[in-house]
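Written out below as structure tokens is the structure these notes cover.
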There are 2 protein chains.
Amino acid sequence: MEKFKEELTEIYHLSAAVSVLHWDQAVNMPKKGGGLRAVAISNLVGILHDKFVSPGFSKLVRSAKKELDGGKLSDEDACIVKEVWREFSREKKLPLEFVKELSETTSKAEAVWAEARKNNDFSLFLPMLRKIVELKRKEAELIGFKDSPYDALLDVYEPGMTAREIEMIFSELRDFLVPFLSRIMKSKSKVRNILKGKFPIEKQVKFNRMVAEKLGFDFEAGRLDMSTHPFTTQFHPGDVRITTRYSDRDPFYSIGSTIHESGHALYEQGIPMENFGSPLGDSVSLGVHESQSRMWENIIGKSENFWRYFFPRLKRIFPQNFAKTEIKDIYGYVNAVRPSLIRTEADEVTYNLHIIMRFEIEKDLIEGSIAVEDLPEIWNGKVWEYFGIEVPTDTLGVLQDVHWSGGLFGYFPTYALGNLYSAQFYAAARRDILNLDREMKAGQFAHLLEWLRKNIHVHGKLFSTEELVMRATGERLNAQYFMDYIEKKYSKIYEL
Amino acid sequence: MEKFKEELTEIYHLSAAVSVLHWDQAVNMPKKGGGLRAVAISNLVGILHDKFVSPGFSKLVRSAKKELDGGKLSDEDACIVKEVWREFSREKKLPLEFVKELSETTSKAEAVWAEARKNNDFSLFLPMLRKIVELKRKEAELIGFKDSPYDALLDVYEPGMTAREIEMIFSELRDFLVPFLSRIMKSKSKVRNILKGKFPIEKQVKFNRMVAEKLGFDFEAGRLDMSTHPFTTQFHPGDVRITTRYSDRDPFYSIGSTIHESGHALYEQGIPMENFGSPLGDSVSLGVHESQSRMWENIIGKSENFWRYFFPRLKRIFPQNFAKTEIKDIYGYVNAVRPSLIRTEADEVTYNLHIIMRFEIEKDLIEGSIAVEDLPEIWNGKVWEYFGIEVPTDTLGVLQDVHWSGGLFGYFPTYALGNLYSAQFYAAARRDILNLDREMKAGQFAHLLEWLRKNIHVHGKLFSTEELVMRATGERLNAQYFMDYIEKKYSKIYEL
């Protein structure tokens, strides 16, 4: 067991090295650094994989599994072995040939997808996507499943979650959101445009650093930089790095994305340092990770309390731009609801509808009940049904997201699950913390962070997601908290 | 041979990954990132070493060596095999036990040295240093040597160079420098202090970027950042990064160090990209590397021509500070000669004397003709003899440099060799380039860089240092060019 944990930690160190190379590539690398960096990364990933499936490590995993089955392990060690075994047996079920074919197909597919999107020509992408769907269906067969083949894919991102459970939750959510959105659309309440003039980027950086710090981001254990696409990466809990993107016409994009990534980072910084190097130091699921980013970004970062504290400070940095702006304008602006074609630009109300339609489509694809060539039609039909808008081009429709070209089936639902978890966690935290609203108005987030640390962050993968949610909130995941939150907040904003 | 080169390139990629981790540690890493980063690096270095000495790679090296011995290889392939074999057989001669003991001793020693330096107490460091000298003498025995055991250590940094040759060159140099320095000291010519007011760091950064770019540094294939100690690192010729340190009281420190590191970087950027992954893509020796940095830093960066072009530009950035300064003041200031206790602060005239005394001492240590406990006395005696000054404390004397605590015996001479090579290369370039002086006055360095590229950079390790110098300059290394340069330049400045 000791030897097993030691070698496992080495694998984690290697993986951290890969992350450093990725981060550097996104943040610092000069133009001509690219080609050979890609090779360096893929070499390192190869070494990492070889180590994981090497005979030596395999033997250690198998003997640890025997100890687990013999019931001899502490809770912590049991968690470690269970999680490694899960990944290990998954890898073992996929023949090398299959893994190679999938990886080669998806690495080619991204460029093909980009070309198809650029040319607004789904037929360019069709053969590739058909092949990928075929391979993912094969993958599900190889992994095995009880109910739906989609479960086998979902399991990578949201262990323990099933298509059936998601379907139940999502239909309830959809049946609430679609009519609610249409009521908002009929509302006469209008949002004022508050963007005037230029917002110098250095000043935005200064504000964002202040916000991240106030929320609890530890700059001695992390950084905030710029990159083309915002992301969070962690090498270990003492070095967690977030990035954002800036526009000098709109400070709210970088603020929102900084808060979102800070949410991810607070989770990673909240994992005990001594747990680095095993699943005890890993976040429990993508959905729960997303719950942290979305809670800070939306429930907190788009609340009136938040802006009562931060707007005066923002105004101090951009006095000209906001000379005639009041808090209620900001609040209305950051919470504007508009049915839109593009998921990544969606507001809190419509965002989940984007996810629900992707889930429905990819589940049907993997279960084989729809054909890949029918995707544009199916897509456009759902957009009309859920948002009441027409899709003018596939570029703005079925071709908008990169995920499927990378074979990431089962990933999308975690975005919406994150929103649902966030509302449920927040409701529980609010019950537990006496003066939360008052604290937030004063720019104090320490008690909330402490609650998240204690109930979520410190546990790593010690509990399953289901158990973690149950322990933290007293009940299983359900959409009610999110629907209540949305209904209350937006009924007020849109005077419904 | 193909398989051998392929695996060798993988080793180079791994080594580049280690360099990225190091660079990030020095430039970006937050405070709490440290402990685990050190472990990640040492893990990766372990993997790198295991790969190099693995049975699979060993077999490839041996069979490549057979092809080399059979005379079947092209010049390029022969160079690759010869160089890898050199390193490989060196590694094979050192038993694992020995390597471990040396590495453990030196990693402990750095902290002990730092403590001793802080407390000005050589006796704290003495047992450790005695042990290190013993181990390095052992290393020389294990490696083997013809003449002096020092040759076996020198060979790592300056392949082909011998203690005897250095001794000859250095005594000639010393016999010129010591009396020349004393003439300068007696000169009545005085240097004016030109530093007035503050020099905001962002402005210095801007100026340094402009200088580096003018010299030929390609910012699409590199970066300029800040770190505690200036350094250059390369992942491959398309990603070469330099750093410097800033003081807001003195812009000349960062300018000089930026030019120095740019010199190193221009060498690395000048290596053909397609040679990455083998010794063909490696610089030929530390001495020649240093010749590049020192040529740009001193011969060019401290010339009148250079400042004729750059001073008006510097003045435009700092108009207040330099309101009453003229080019001759700048020229006098950057070339001020002062015998000093600290090597890293030394000027062009005294720098080599610092190196010569270190060489004499470490050669005697390794040959066993002096005892470690006598070092302070020997050190202080040499400082008196060469510089005519007293050493007040060991902190400012024998304890000032980190090198010996790291076991880097044989490294110091490469600094002075670099100065000698630089003068010899520059004299040859000046013979070949018609209007070099006129070009430099106009801030044009393209012809000079082209000369360095053609004669030095592109060759990697294809020729030995000796052969490279012979081809580029028509003769073997000798100190005459450097002495002529120093004598001419400083006789004028100090009106001797």
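By convention here, the chains of the structure tokens are called A, B, ... in the order presented, each chain's residues are numbered starting at 1, and ligands are numbered starting at 1 in the order presented.
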
Please identify every residue of chain B that has at least one atom no farther than 6 Å from an atom of chain A, counting only C-alpha atoms, and for each give the shortest atom pair and the distance in Å to one decimal, arranged by chain then increasing number, as CSV.
residue,atom,partner,partner_atom,distance
B:His13,CA,A:Ala40,CA,5.0
B:Pro30,CA,A:Glu220,CA,5.2
B:Lys31,CA,A:Glu220,CA,5.1
B:Lys32,CA,A:Gly238,CA,4.9
B:Gly33,CA,A:Asp239,CA,4.8
B:Ala40,CA,A:His13,CA,5.0
B:Glu220,CA,A:Lys31,CA,5.1
B:Ala221,CA,A:Lys32,CA,5.1
B:Gly222,CA,A:Pro30,CA,5.7
B:Gly238,CA,A:Lys32,CA,4.9
B:Asp239,CA,A:Gly33,CA,4.8

Shell around segment 321-330 of chain A at 8 Å using only C-alpha atoms, local window under 6 positions removed, as a short mmCIF file (atom, residue, chain, number, x, y, z; two decimals) with N, CA, C and O atoms, in the first residue's frame:
data_model
loop_
_atom_site.label_atom_id
_atom_site.label_comp_id
_atom_site.auth_asym_id
_atom_site.auth_seq_id
_atom_site.Cartn_x
_atom_site.Cartn_y
_atom_site.Cartn_z
N VAL A 191 -33.71 46.64 -20.08
CA VAL A 191 -32.36 46.79 -19.54
C VAL A 191 -31.66 47.96 -20.22
O VAL A 191 -31.69 48.10 -21.43
N ARG A 192 -31.05 48.83 -19.39
CA ARG A 192 -30.30 49.97 -19.92
C ARG A 192 -28.88 49.56 -20.28
O ARG A 192 -28.23 48.83 -19.54
N ILE A 194 -25.20 50.14 -20.13
CA ILE A 194 -24.41 50.96 -19.21
C ILE A 194 -22.97 51.11 -19.66
O ILE A 194 -22.15 51.69 -18.95
N LEU A 195 -22.62 50.59 -20.83
CA LEU A 195 -21.22 50.65 -21.27
C LEU A 195 -20.96 51.93 -22.05
O LEU A 195 -21.54 52.15 -23.11
N LYS A 196 -20.10 52.74 -21.51
CA LYS A 196 -19.74 54.00 -22.18
C LYS A 196 -18.24 54.17 -22.13
O LYS A 196 -17.63 54.07 -21.07
N GLY A 197 -17.62 54.43 -23.27
CA GLY A 197 -16.18 54.72 -23.30
C GLY A 197 -15.32 53.49 -23.19
O GLY A 197 -15.80 52.36 -23.27
N LYS A 198 -14.05 53.76 -22.97
CA LYS A 198 -13.07 52.67 -22.89
C LYS A 198 -12.73 52.35 -21.45
O LYS A 198 -12.74 53.23 -20.59
N PHE A 199 -12.43 51.08 -21.23
CA PHE A 199 -12.05 50.61 -19.90
C PHE A 199 -10.63 50.04 -19.97
O PHE A 199 -10.46 48.86 -20.31
N GLU A 304 -27.49 41.54 -5.83
CA GLU A 304 -27.48 42.95 -5.43
C GLU A 304 -26.48 43.21 -4.31
O GLU A 304 -25.81 44.23 -4.31
N TRP A 307 -22.95 43.70 -5.62
CA TRP A 307 -22.69 44.97 -6.29
C TRP A 307 -22.82 46.17 -5.36
O TRP A 307 -22.24 47.21 -5.58
N ARG A 308 -23.58 46.01 -4.27
CA ARG A 308 -23.59 47.10 -3.29
C ARG A 308 -22.20 47.34 -2.76
O ARG A 308 -21.80 48.47 -2.51
N PHE A 311 -19.71 47.87 -6.54
CA PHE A 311 -19.92 48.92 -7.53
C PHE A 311 -19.24 50.24 -7.16
O PHE A 311 -18.56 50.86 -8.00
N LYS A 315 -16.62 52.02 -9.57
CA LYS A 315 -16.83 53.41 -9.98
C LYS A 315 -15.61 54.28 -9.66
O LYS A 315 -15.28 55.19 -10.42
#

| said: I need the helix (DSSP H, G or I) residues of segment 246-453 of chain A per DSSP on the backbone, written as number ranges by chain. | reply: A: 251-269, 273-275, 279-281, 286-300, 304-317, 327-334, 343-345, 348-367, 372-387, 394-396, 403-406, 412-432, 436-441, 446-453

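Every protein or nucleic acid residue with an atom no more than 7 Å from Tyr157 of chain A, counting only C-alpha atoms and leaving out same-chain residues fewer than 4 positions away, appears here: A:Ser285, A:Leu286, A:Tyr411.
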
Can I get the selected residues back with N, CA, C and O atoms, as a PDB file, in the first residue's frame?
ATOM      1  N   SER A 285     -16.171  15.736  -8.677  1.00  0.00           N
ATOM      2  CA  SER A 285     -16.751  15.557 -10.009  1.00  0.00           C
ATOM      3  C   SER A 285     -16.746  16.889 -10.733  1.00  0.00           C
ATOM      4  O   SER A 285     -16.616  17.951 -10.108  1.00  0.00           O
ATOM      5  N   LEU A 286     -16.916  16.834 -12.047  1.00  0.00           N
ATOM      6  CA  LEU A 286     -16.987  18.076 -12.817  1.00  0.00           C
ATOM      7  C   LEU A 286     -18.194  18.899 -12.431  1.00  0.00           C
ATOM      8  O   LEU A 286     -18.144  20.130 -12.405  1.00  0.00           O
ATOM      9  N   TYR A 411     -20.135  15.171 -21.275  1.00  0.00           N
ATOM     10  CA  TYR A 411     -19.517  16.298 -20.569  1.00  0.00           C
ATOM     11  C   TYR A 411     -20.517  17.424 -20.328  1.00  0.00           C
ATOM     12  O   TYR A 411     -20.597  17.982 -19.230  1.00  0.00           O
TER      13      TYR A 411
END

| said: With only C-alpha atoms as the counted atoms, please give the residues lying no more than 9 Å from Thr244 of chain A, apart from itself and same-chain residues fewer than 3 positions off, as a PyMOL selection string. | reply: chain A and resi 224-231+253-255+257-258+261

Suppose we keep C-alpha atoms; can you now write the selection as a compact mmCIF listing (two decimals), in the first residue's frame?
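Here's the written file selection-v7.txt:
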# COMPACT_ATOMS: atom_id res chain seq x y z
CA LEU A 224 -4.30 35.56 -12.29
CA ASP A 225 -3.18 35.99 -15.92
CA MET A 226 -4.56 36.55 -19.40
CA SER A 227 -5.22 33.95 -22.09
CA THR A 228 -7.39 33.59 -25.17
CA HIS A 229 -9.89 31.39 -23.33
CA PRO A 230 -10.31 31.72 -19.57
CA PHE A 231 -9.39 28.63 -17.58
CA TYR A 253 -16.83 40.01 -19.28
CA SER A 254 -13.50 39.84 -17.47
CA ILE A 255 -15.12 40.39 -14.08
CA SER A 257 -14.99 35.20 -15.89
CA THR A 258 -12.53 36.07 -13.12
CA GLU A 261 -12.49 30.87 -12.43

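Ranking B:Gly474, B:Leu153, B:Val458, B:Glu101 by their shortest atom-to-atom distance to Glu141 of chain B, with only C-alpha atoms included, puts B:Leu153 first.
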